[in-house]
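K.L.:
What follows is data-v2.cif; its format and atoms are mmCIF, C-alpha atoms and all ligand atoms.
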```
data_start
loop_
_atom_site.label_atom_id
_atom_site.label_comp_id
_atom_site.auth_asym_id
_atom_site.auth_seq_id
_atom_site.Cartn_x
_atom_site.Cartn_y
_atom_site.Cartn_z
CA MET S 192 65.61 -56.86 80.29
CA LYS S 193 63.95 -60.19 81.29
CA THR S 194 64.02 -60.14 85.06
CA ILE S 195 64.48 -57.41 87.65
CA THR S 196 67.94 -57.15 89.18
CA LEU S 197 69.02 -55.15 92.24
CA ALA S 198 70.61 -52.64 89.85
CA HIS S 199 67.10 -51.74 88.66
CA GLY S 200 66.61 -50.03 92.04
CA ASN S 201 69.91 -48.10 92.15
CA GLY S 202 68.64 -44.59 91.38
CA GLY S 203 71.06 -44.57 88.44
CA GLN S 204 71.14 -45.80 84.88
CA GLU S 205 69.38 -49.20 85.14
CA ASN S 206 66.72 -47.65 87.39
CA ASN S 207 66.07 -44.97 84.73
CA GLU S 208 65.81 -47.62 82.01
CA LEU S 209 63.26 -49.62 84.00
CA ILE S 210 61.15 -46.54 84.72
CA THR S 211 61.29 -45.34 81.13
CA GLN S 212 60.54 -48.69 79.50
CA VAL S 213 57.95 -50.13 81.85
CA PHE S 214 56.27 -47.36 83.83
CA TYR S 215 56.49 -44.26 81.61
CA GLY S 216 55.34 -46.44 78.71
CA ALA S 217 52.12 -47.29 80.53
CA PHE S 218 51.47 -44.18 82.64
CA LYS S 219 52.75 -41.43 80.35
CA ASN S 220 51.23 -37.98 80.93
CA ASP S 221 52.44 -34.38 80.94
CA ILE S 222 52.90 -34.15 84.70
CA LEU S 223 54.84 -37.40 85.06
CA SER S 224 57.05 -36.62 82.06
CA LYS S 225 58.51 -33.59 83.84
CA SER S 226 60.45 -36.01 86.12
CA GLU S 227 60.56 -33.59 89.03
CA ASP S 228 61.08 -34.59 92.67
CA ALA S 229 57.36 -34.13 93.23
CA ALA S 230 54.48 -33.73 90.77
CA VAL S 231 53.21 -30.17 90.47
CA ILE S 232 49.40 -30.25 90.30
CA GLU S 233 46.36 -27.95 90.51
CA ASP S 234 47.80 -25.07 88.46
CA GLY S 235 51.07 -25.03 90.35
CA LYS S 236 49.44 -24.76 93.77
CA LEU S 237 50.26 -28.23 95.12
CA ALA S 238 53.17 -30.67 95.11
CA PHE S 239 52.46 -34.40 95.38
CA SER S 240 54.99 -37.18 95.96
CA THR S 241 55.39 -40.77 97.17
CA ASP S 242 58.27 -42.90 98.40
CA SER S 243 58.79 -46.36 99.92
CA PHE S 244 61.40 -47.20 102.55
CA THR S 245 63.11 -50.56 102.86
CA VAL S 246 66.41 -49.55 104.51
CA SER S 247 68.48 -52.22 106.24
CA PRO S 248 69.38 -52.08 109.09
CA ILE S 249 66.20 -50.34 110.29
CA PHE S 250 68.11 -48.55 113.08
CA PHE S 251 71.41 -46.86 112.18
CA ASN S 252 73.68 -44.10 113.40
CA GLY S 253 71.83 -40.78 113.08
CA ALA S 254 68.31 -42.03 112.27
CA ASP S 255 66.01 -45.00 111.66
CA ILE S 256 63.53 -46.14 108.99
CA GLY S 257 60.78 -44.02 110.60
CA LYS S 258 62.64 -40.71 110.48
CA LEU S 259 63.79 -41.58 106.97
CA ALA S 260 60.20 -42.26 105.83
CA ILE S 261 59.07 -38.78 106.91
CA CYS S 262 62.18 -36.92 105.70
CA GLY S 263 62.20 -38.69 102.33
CA THR S 264 58.72 -37.63 101.25
CA CYS S 265 58.75 -34.20 102.94
CA ASN S 266 62.11 -33.43 101.30
CA ASP S 267 60.79 -34.28 97.83
CA LEU S 268 57.96 -31.80 98.43
CA ALA S 269 60.36 -29.16 99.77
CA MET S 270 62.51 -29.58 96.63
CA MET S 271 59.59 -28.15 94.65
CA GLY S 272 59.40 -25.10 96.93
CA ALA S 273 56.49 -26.61 98.84
CA LYS S 274 55.59 -26.64 102.50
CA PRO S 275 54.70 -30.25 103.41
CA LYS S 276 51.09 -30.36 104.70
CA TYR S 277 49.50 -33.83 104.64
CA LEU S 278 51.00 -37.31 104.60
CA THR S 279 49.71 -40.83 104.29
CA CYS S 280 51.58 -43.68 105.96
CA SER S 281 51.39 -47.35 104.92
CA VAL S 282 53.37 -50.03 106.70
CA ILE S 283 54.00 -53.65 105.76
CA ILE S 284 55.18 -55.54 108.84
CA GLU S 285 56.67 -59.02 109.07
CA GLU S 286 55.01 -61.45 111.47
CA GLY S 287 57.05 -61.62 114.69
CA PHE S 288 58.29 -58.00 114.56
CA SER S 289 58.89 -56.44 117.98
CA VAL S 290 56.19 -54.03 119.17
CA SER S 291 58.73 -51.94 121.09
CA ASP S 292 60.79 -51.50 117.89
CA LEU S 293 57.62 -50.45 116.09
CA GLU S 294 56.91 -47.91 118.82
CA LYS S 295 60.45 -46.53 118.54
CA ILE S 296 60.01 -46.13 114.77
CA VAL S 297 56.62 -44.42 115.15
CA SER S 298 58.02 -42.10 117.81
CA SER S 299 60.80 -40.92 115.48
CA MET S 300 58.19 -40.42 112.77
CA LYS S 301 56.20 -38.26 115.19
CA SER S 302 59.09 -35.94 116.03
CA GLU S 303 60.03 -35.52 112.36
CA LEU S 304 56.40 -34.75 111.45
CA GLU S 305 56.50 -31.95 114.02
CA LYS S 306 59.69 -30.46 112.52
CA ASN S 307 57.94 -30.22 109.16
CA GLY S 308 54.61 -29.06 110.57
CA VAL S 309 52.93 -31.89 108.68
CA ILE S 310 50.25 -34.38 109.79
CA VAL S 311 49.44 -37.98 108.84
CA VAL S 312 45.82 -38.03 107.69
CA SER S 313 45.46 -41.55 106.31
CA GLY S 314 47.23 -44.85 106.72
CA ASP S 315 47.25 -48.58 106.18
CA THR S 316 48.75 -51.51 108.10
CA LYS S 317 49.47 -54.93 106.58
CA VAL S 318 51.09 -57.86 108.38
CA VAL S 319 52.59 -60.59 106.20
CA PRO S 320 53.92 -64.08 107.12
CA LYS S 321 57.51 -64.41 108.31
CA GLY S 322 59.91 -64.06 105.38
CA ALA S 323 57.42 -62.28 103.08
CA VAL S 324 59.14 -58.96 103.91
CA ASP S 325 62.25 -58.29 105.97
CA LYS S 326 61.05 -56.70 109.27
CA ILE S 327 59.20 -53.59 108.05
CA PHE S 328 58.67 -51.59 104.87
CA ILE S 329 57.05 -48.14 104.99
CA ASN S 330 55.43 -46.03 102.27
CA THR S 331 54.63 -42.36 102.73
CA THR S 332 52.83 -40.11 100.27
CA GLY S 333 52.61 -36.38 100.76
CA ILE S 334 50.92 -33.21 99.61
CA GLY S 335 52.56 -29.82 100.00
CA GLU S 336 51.53 -26.24 99.35
CA ILE S 337 53.86 -24.61 96.84
CA LEU S 338 55.25 -21.38 98.34
CA TYR S 339 57.70 -20.61 95.51
CA LYS S 340 56.51 -21.34 91.99
CA GLY S 341 58.50 -22.30 88.92
CA ILE S 342 61.24 -24.48 90.42
CA SER S 343 62.15 -27.06 87.78
CA SER S 344 65.03 -29.34 86.84
CA ASN S 345 64.17 -28.56 83.22
CA SER S 346 65.09 -24.87 83.32
CA ILE S 347 68.72 -24.72 84.46
CA SER S 348 70.82 -22.33 82.36
CA MET S 349 74.19 -20.61 82.15
CA ASP S 350 72.78 -17.92 84.44
CA ASP S 351 72.92 -20.38 87.35
CA LEU S 352 75.59 -21.62 89.74
CA ILE S 353 75.54 -25.07 91.33
CA LEU S 354 75.66 -25.48 95.12
CA VAL S 355 75.58 -28.39 97.52
CA SER S 356 74.04 -27.90 100.97
CA ARG S 357 76.58 -29.83 103.10
CA ASP S 358 79.28 -32.51 103.11
CA ILE S 359 78.19 -35.45 100.97
CA GLY S 360 77.90 -39.24 101.21
CA ALA S 361 77.26 -39.62 104.95
CA HIS S 362 74.08 -41.72 104.67
CA GLY S 363 75.53 -44.23 102.19
CA ALA S 364 78.76 -44.56 104.16
CA THR S 365 76.88 -45.02 107.46
CA ILE S 366 74.62 -47.77 106.10
CA PHE S 367 77.61 -49.50 104.55
CA ALA S 368 79.58 -49.33 107.80
CA ALA S 369 76.60 -50.69 109.76
CA ARG S 370 76.17 -53.63 107.39
CA GLU S 371 79.82 -54.50 107.47
CA GLY S 372 79.87 -54.33 111.28
CA MET S 373 82.49 -51.58 111.12
CA ASP S 374 83.27 -49.67 114.31
CA LEU S 375 80.51 -47.13 114.87
CA THR S 376 82.15 -45.35 117.76
CA THR S 377 83.39 -42.84 115.17
CA SER S 378 81.37 -39.70 114.58
CA LEU S 379 80.14 -40.99 111.22
CA LYS S 380 76.36 -40.70 111.09
CA SER S 381 73.65 -40.42 108.47
CA ASP S 382 72.79 -36.92 107.27
CA CYS S 383 69.08 -37.93 107.38
CA ASN S 384 67.24 -34.67 108.03
CA SER S 385 64.26 -32.55 107.03
CA LEU S 386 65.19 -29.94 104.42
CA TYR S 387 62.05 -27.81 104.50
CA PRO S 388 63.48 -25.35 107.08
CA GLN S 389 66.46 -24.61 104.80
CA VAL S 390 64.24 -24.23 101.73
CA LYS S 391 61.89 -21.93 103.66
CA ALA S 392 64.84 -19.76 104.70
CA LEU S 393 65.98 -19.45 101.07
CA ILE S 394 62.48 -18.45 100.00
CA ASP S 395 62.18 -15.93 102.86
CA ALA S 396 65.52 -14.39 101.81
CA ASN S 397 64.10 -13.81 98.29
CA ILE S 398 66.71 -16.02 96.64
CA LYS S 399 66.07 -16.70 92.93
CA ILE S 400 65.83 -20.50 92.92
CA THR S 401 66.03 -22.36 89.60
CA ALA S 402 66.17 -25.98 90.75
CA LEU S 403 66.56 -28.05 93.92
CA ARG S 404 67.02 -31.81 94.27
CA ASP S 405 67.86 -33.95 97.27
CA ALA S 406 70.80 -36.21 96.43
CA THR S 407 69.38 -39.57 97.55
CA ARG S 408 70.13 -42.85 95.70
CA GLY S 409 72.85 -42.31 93.12
CA GLY S 410 74.11 -39.31 95.12
CA VAL S 411 75.20 -35.95 93.75
CA SER S 412 76.41 -37.68 90.54
CA ALA S 413 72.90 -38.85 89.69
CA VAL S 414 71.36 -35.41 90.37
CA LEU S 415 73.87 -33.53 88.22
CA ASN S 416 73.52 -35.99 85.35
CA GLU S 417 69.72 -35.83 85.50
CA TRP S 418 69.89 -32.02 85.46
CA ALA S 419 72.38 -31.90 82.57
CA LYS S 420 70.01 -34.10 80.54
CA GLN S 421 66.73 -32.49 81.56
CA SER S 422 67.98 -28.94 80.95
CA ASN S 423 70.24 -29.85 78.00
CA VAL S 424 73.33 -28.19 79.49
CA CYS S 425 76.83 -29.09 80.64
CA ILE S 426 77.52 -28.90 84.39
CA GLU S 427 81.17 -28.37 85.39
CA ILE S 428 82.16 -28.91 89.01
CA GLU S 429 85.41 -28.42 90.96
CA GLU S 430 86.47 -31.47 92.97
CA GLU S 431 88.14 -29.37 95.68
CA LYS S 432 84.94 -27.41 96.30
CA ILE S 433 82.94 -30.56 97.12
CA PRO S 434 82.72 -31.00 100.90
CA VAL S 435 83.39 -34.56 102.12
CA CYS S 436 84.00 -35.31 105.81
CA ASP S 437 87.05 -37.32 106.92
CA GLU S 438 85.03 -40.39 107.94
CA VAL S 439 83.32 -40.61 104.53
CA ASN S 440 86.65 -40.05 102.78
CA GLY S 441 88.15 -42.87 104.83
CA ILE S 442 85.39 -45.32 103.85
CA CYS S 443 85.65 -44.27 100.20
CA GLU S 444 89.42 -44.79 100.17
CA LEU S 445 89.13 -48.13 101.92
CA LEU S 446 86.47 -49.51 99.61
CA GLY S 447 86.99 -47.67 96.35
CA PHE S 448 83.70 -45.76 96.48
CA GLU S 449 83.19 -42.28 95.10
CA ALA S 450 81.56 -39.93 97.62
CA LEU S 451 79.73 -38.24 94.73
CA SER S 452 77.82 -41.50 94.09
CA LEU S 453 76.95 -42.27 97.71
CA ALA S 454 73.38 -41.71 98.90
CA ASN S 455 72.40 -38.76 101.09
CA GLU S 456 69.13 -38.26 102.98
CA GLY S 457 69.43 -34.66 104.13
CA THR S 458 71.64 -33.07 101.50
CA PHE S 459 70.46 -31.21 98.43
CA VAL S 460 71.90 -29.77 95.25
CA LEU S 461 70.82 -26.27 94.21
CA ALA S 462 70.85 -24.37 90.94
CA ILE S 463 70.69 -20.70 91.96
CA ALA S 464 70.77 -17.53 89.85
CA LYS S 465 74.42 -16.33 89.78
CA ASP S 466 73.66 -12.99 91.46
CA ASP S 467 72.04 -14.74 94.41
CA ALA S 468 74.44 -17.67 94.85
CA GLN S 469 76.60 -16.03 97.51
CA LYS S 470 73.56 -14.94 99.49
CA ALA S 471 72.05 -18.45 99.21
CA LEU S 472 75.32 -19.86 100.54
CA GLU S 473 75.14 -17.57 103.58
CA VAL S 474 71.52 -18.55 104.25
CA LEU S 475 72.43 -22.25 104.12
CA GLN S 476 75.50 -21.81 106.31
CA SER S 477 73.38 -20.24 109.04
CA PHE S 478 72.08 -23.79 109.67
CA GLU S 479 74.41 -25.95 111.77
CA GLU S 480 73.89 -28.98 109.50
CA ALA S 481 74.67 -26.90 106.39
CA LYS S 482 77.76 -25.08 107.68
CA ASN S 483 79.85 -26.80 104.96
CA ALA S 484 77.54 -25.70 102.12
CA SER S 485 79.55 -24.81 99.05
CA ILE S 486 79.32 -23.40 95.52
CA ILE S 487 80.67 -26.39 93.56
CA GLY S 488 80.36 -25.42 89.94
CA LYS S 489 78.79 -23.69 86.98
CA VAL S 490 76.65 -24.34 83.93
CA THR S 491 78.17 -24.18 80.44
CA GLN S 492 77.57 -25.42 76.89
CA GLU S 493 80.92 -27.25 76.73
CA TYR S 494 79.61 -30.84 76.35
CA ALA S 495 75.86 -31.25 75.88
CA GLN S 496 74.12 -33.16 78.69
CA LYS S 497 77.40 -34.07 80.39
CA VAL S 498 78.86 -33.47 83.83
CA VAL S 499 82.56 -32.54 83.95
CA LEU S 500 84.65 -32.95 87.11
CA HIS S 501 87.74 -30.72 87.34
CA SER S 502 90.47 -31.96 89.68
CA GLN S 503 92.65 -29.64 91.75
CA TRP S 504 95.59 -30.62 89.48
CA GLY S 505 93.94 -29.18 86.40
CA THR S 506 92.78 -32.47 84.87
CA LYS S 507 89.15 -33.12 83.97
CA ARG S 508 86.91 -36.11 83.35
CA PHE S 509 83.24 -36.87 82.78
CA LEU S 510 81.29 -37.76 85.89
CA ASP S 511 78.92 -40.50 84.73
CA VAL S 512 75.54 -41.68 85.97
CA PRO S 513 76.14 -44.36 88.58
CA THR S 514 75.58 -47.91 87.27
CA GLY S 515 75.34 -51.31 88.93
CA GLU S 516 74.21 -51.68 92.53
CA LEU S 517 76.57 -50.32 95.15
CA LEU S 518 74.25 -50.78 98.13
CA PRO S 519 70.75 -52.21 97.86
CA ARG S 520 68.19 -51.13 100.48
CA ILE S 521 69.94 -47.86 101.19
CA CYS S 522 66.60 -46.11 101.78
MG MG S 601 64.22 -36.60 95.57
#
```
Spit out the file's structure as structure tokens when you get a sec.
Ligand code: MG
P.N.:
Amino acid sequence: MKTITLAHGNGGQENNELITQVFYGAFKNDILSKSEDAAVIEDGKLAFSTDSFTVSPIFFNGADIGKLAICGTCNDLAMMGAKPKYLTCSVIIEEGFSVSDLEKIVSSMKSELEKNGVIVVSGDTKVVPKGAVDKIFINTTGIGEILYKGISSNSISMDDLILVSRDIGAHGATIFAAREGMDLTTSLKSDCNSLYPQVKALIDANIKITALRDATRGGVSAVLNEWAKQSNVCIEIEEEKIPVCDEVNGICELLGFEALSLANEGTFVLAIAKDDAQKALEVLQSFEEAKNASIIGKVTQEYAQKVVLHSQWGTKRFLDVPTGELLPRIC
């Protein structure tokens, strides 16, 4: 590894190698090593997470970079069973950027903050010469209060079932379609959404939650592979149980993508205690955006640290960690 390539930001294999070799090497500590969606600090009371947003185009069907910047960080907190409380917001703006576009972005941030009941308490604004960034990059960092303790991607076992909260791949497919100038009069739009309300409902229903992870870069494939490794288990999923909408299927067929590897921004994967899986499914399905939630698989010891995809015809294959760079600047 001599220079950084776009694949180093893919949320998959090369991204993991870069993080492990360069950052974990220098920053290593017990909290960071857990590799959770958010750091759990202060004796399990608080969750703490950061994320930067560079999506292109900045406005797309279903959301924009502002909504994404709030959802992204709040969702990582929610994935640790936390209620998002305080956010910071840093923006890097390119000289010449339109003030009315900036106002549109900030207004979508405002409405998403309200949905999460979170406030921005600190911020920073930098303006750089034309060409030094492309339009606008945003970083948000957040602190949340953990309402449900013990959620961890390191403790998934054969007592759990695997669920997905809605149809997958919509964000990745939408960004791809926008970049390619494909017809956007279809109903294809990003799933970008705040997940805290769904997590809160699961907690309120007394569901036994083992692990939660939003399936962003690298998609559901990346999440399941990370879980199989972190918990040292095999995860077996049924292809026909995985919800994919017609528009996403169409784009995948046209371009040879796999929906399981496409990014999502308002879709999460759940490991739920077997006895509670059906109830969790009902709680999710009570939300309009999660009406296609599904139990997609189980945890076994069949192949250590591997993910197995069973087709409806009875064949099976390993589902690998995504490699290469499908779509840079997806989020
Ligand atoms: Mg995440």
K.L.:
Dump the neighbourhood of ligand MG 601 (chain S) as an mmCIF file with C-alpha atoms, in the frame of the given file: all residues within 10 Å, distances computed on all atoms listed in the file.
P.N.:
```cif
data_model
loop_
_atom_site.group_PDB
_atom_site.id
_atom_site.type_symbol
_atom_site.label_atom_id
_atom_site.label_comp_id
_atom_site.auth_asym_id
_atom_site.auth_seq_id
_atom_site.Cartn_x
_atom_site.Cartn_y
_atom_site.Cartn_z
ATOM 1 C CA GLU S 227 60.560 -33.590 89.030
ATOM 2 C CA ASP S 228 61.080 -34.590 92.670
ATOM 3 C CA ALA S 229 57.360 -34.130 93.230
ATOM 4 C CA SER S 240 54.990 -37.180 95.960
ATOM 5 C CA THR S 241 55.390 -40.770 97.170
ATOM 6 C CA ASP S 242 58.270 -42.900 98.400
ATOM 7 C CA GLY S 263 62.200 -38.690 102.330
ATOM 8 C CA THR S 264 58.720 -37.630 101.250
ATOM 9 C CA CYS S 265 58.750 -34.200 102.940
ATOM 10 C CA ASN S 266 62.110 -33.430 101.300
ATOM 11 C CA ASP S 267 60.790 -34.280 97.830
ATOM 12 C CA LEU S 268 57.960 -31.800 98.430
ATOM 13 C CA ALA S 269 60.360 -29.160 99.770
ATOM 14 C CA MET S 270 62.510 -29.580 96.630
ATOM 15 C CA MET S 271 59.590 -28.150 94.650
ATOM 16 C CA LEU S 403 66.560 -28.050 93.920
ATOM 17 C CA ARG S 404 67.020 -31.810 94.270
ATOM 18 C CA ASP S 405 67.860 -33.950 97.270
ATOM 19 C CA ALA S 406 70.800 -36.210 96.430
ATOM 20 C CA THR S 407 69.380 -39.570 97.550
ATOM 21 C CA ARG S 408 70.130 -42.850 95.700
ATOM 22 C CA VAL S 414 71.360 -35.410 90.370
ATOM 23 C CA GLU S 456 69.130 -38.260 102.980
ATOM 24 C CA PHE S 459 70.460 -31.210 98.430
#
```
K.L.:
Pick from S:Val213, S:Leu354, S:Leu451, S:Leu386: nearest to Lys274 of chain S, with only C-alpha atoms counted?
P.N.:
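Nearest candidate to Lys274 of chain S out of S:Val213, S:Leu354, S:Leu451, S:Leu386: S:Leu386.
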K.L.:
Can you tell me how far atom CA of Val290 of chain S sits from atom CA of Lys380 of chain S, in Å to one decimal?
P.N.:
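Interatomic distance here is 25.5 Å.
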K.L.:
Of the residues S:Ile487, S:Ala392, S:Ala273, S:Ile284, which is the one nearest to Lys317 of chain S, using all atoms listed in the file?
P.N.:
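Ranked by minimum distance to Lys317 of chain S, first place goes to S:Ile284.
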K.L.:
Can you list, as a list in words, every protein, DNA or RNA residue that comes within 12 Å of Gly505 of chain S when you count only C-alpha atoms, leaving out same-chain residues fewer than 6 positions away?
P.N.:
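Result of the neighbour search: Glu429, Glu430 and Glu431 of chain S.
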K.L.:
For Ser226 of chain S, which residue out of S:Ile256, S:Ile210, S:Cys522, S:Ala462 is the nearest one, using all atoms listed in the file?
P.N.:
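So, comparing all the options, the nearest one is S:Ile210.
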K.L.:
Considering only C-alpha atoms, return as a PDB file with C-alpha atoms, in the coordinates of the input whatever protein or nucleic-acid residues lie within 8 Å of Cys262 of chain S, sequence-local ones (same chain, fewer than 5 positions apart) excluded.
P.N.:
```pdb
ATOM      1  CA  GLU S 303      60.030 -35.520 112.360  1.00  0.00           C
ATOM      2  CA  CYS S 383      69.080 -37.930 107.380  1.00  0.00           C
ATOM      3  CA  ASN S 384      67.240 -34.670 108.030  1.00  0.00           C
ATOM      4  CA  SER S 385      64.260 -32.550 107.030  1.00  0.00           C
ATOM      5  CA  LEU S 386      65.190 -29.940 104.420  1.00  0.00           C
ATOM      6  CA  GLU S 456      69.130 -38.260 102.980  1.00  0.00           C
ATOM      7  CA  GLY S 457      69.430 -34.660 104.130  1.00  0.00           C
TER       8      GLY S 457
END
```
K.L.:
Let me make sure I understand: among S:Glu286, S:Glu294, S:Glu438, S:Glu233, which one has the smallest atom-to-atom distance to Gly257 of chain S if we use all atoms listed in the file?
P.N.:
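Using all atoms listed in the file, Gly257 of chain S sits closest to S:Glu294.
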K.L.:
One decimal, Å: what's the distance from atom CA of Ser313 of chain S over to atom CA of Pro519 of chain S, could you say?
P.N.:
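Spanning atom CA of Ser313 of chain S to atom CA of Pro519 of chain S is a straight-line distance of 28.7 Å.
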K.L.:
If we count only C-alpha atoms and set the cut-off at 12 Å, which residues sit around Asp221 of chain S, ignoring sequence neighbours fewer than 4 positions away in its own chain? Please answer as a list in words.
P.N.:
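Residues near the query, excluding close chain neighbours: Tyr215, Lys225, Ser226, Glu227, Ala230, Val231 and Ile232 of chain S.
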K.L.:
Take the residues from that selection and put them in a file with C-alpha atoms, as a CSV table (one decimal), in the frame of the given file.
P.N.:
```csv
chain,number,residue,atom,x,y,z
S,215,TYR,CA,56.5,-44.3,81.6
S,225,LYS,CA,58.5,-33.6,83.8
S,226,SER,CA,60.4,-36.0,86.1
S,227,GLU,CA,60.6,-33.6,89.0
S,230,ALA,CA,54.5,-33.7,90.8
S,231,VAL,CA,53.2,-30.2,90.5
S,232,ILE,CA,49.4,-30.2,90.3
```
K.L.:
If we count only C-alpha atoms and set the cut-off at 7 Å, which residues sit around Leu510 of chain S, ignoring sequence neighbours fewer than 3 positions away in its own chain? Please answer as number ranges by chain.
P.N.:
S: 412, 498-500
K.L.:
Using only C-alpha atoms, pick whichever of S:Ile359, S:Ala481, S:Ile283, S:Val297 has the shortest atom-to-atom distance to Val318 of chain S.
P.N.:
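That would be S:Ile283, the residue with the smallest distance to Val318 of chain S.
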K.L.:
What separation in Å, quoted to one decimal, exists between atom CA of Asp466 of chain S and atom CA of Ser356 of chain S?
P.N.:
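Those two atoms sit 17.7 Å apart.
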K.L.:
Can you pull out the residues contacting Lys276 of chain S? Cut-off 10 Å, using only C-alpha atoms, and skip same-chain residues under 3 positions away; I want them as a list in words.
P.N.:
Leu237, Ala238, Cys265, Leu268, Ala273, Leu304, Asn307, Gly308, Val309, Ile310, Val311, Val312, Gly333, Ile334, Gly335 and Glu336 of chain S
K.L.:
Which is closest to Ala396 of chain S among S:Thr196, S:Gln212, S:Gln421, S:Gln469, if we use all atoms listed in the file?
P.N.:
S:Gln469
K.L.:
With all atoms of segment 249-263 of chain S from the file as input, state the centre and edge lengths in Å to one decimal of the axis-aligned box that has 5 Å extra on each side, as JSON.
P.N.:
```
{"center_x": 66.4, "center_y": -43.6, "center_z": 107.9, "size_x": 24.6, "size_y": 23.4, "size_z": 21.1}
```
K.L.:
Can you find the residues with an atom no farther than 10 Å from (63.4, -59.9, 105.3), counting all atoms listed in the file, and report them as a list of chain:residue names?
P.N.:
S:Thr245, S:Ser247, S:Ile284, S:Glu285, S:Lys321, S:Gly322, S:Ala323, S:Val324, S:Asp325, S:Lys326, S:Ile327, S:Phe328
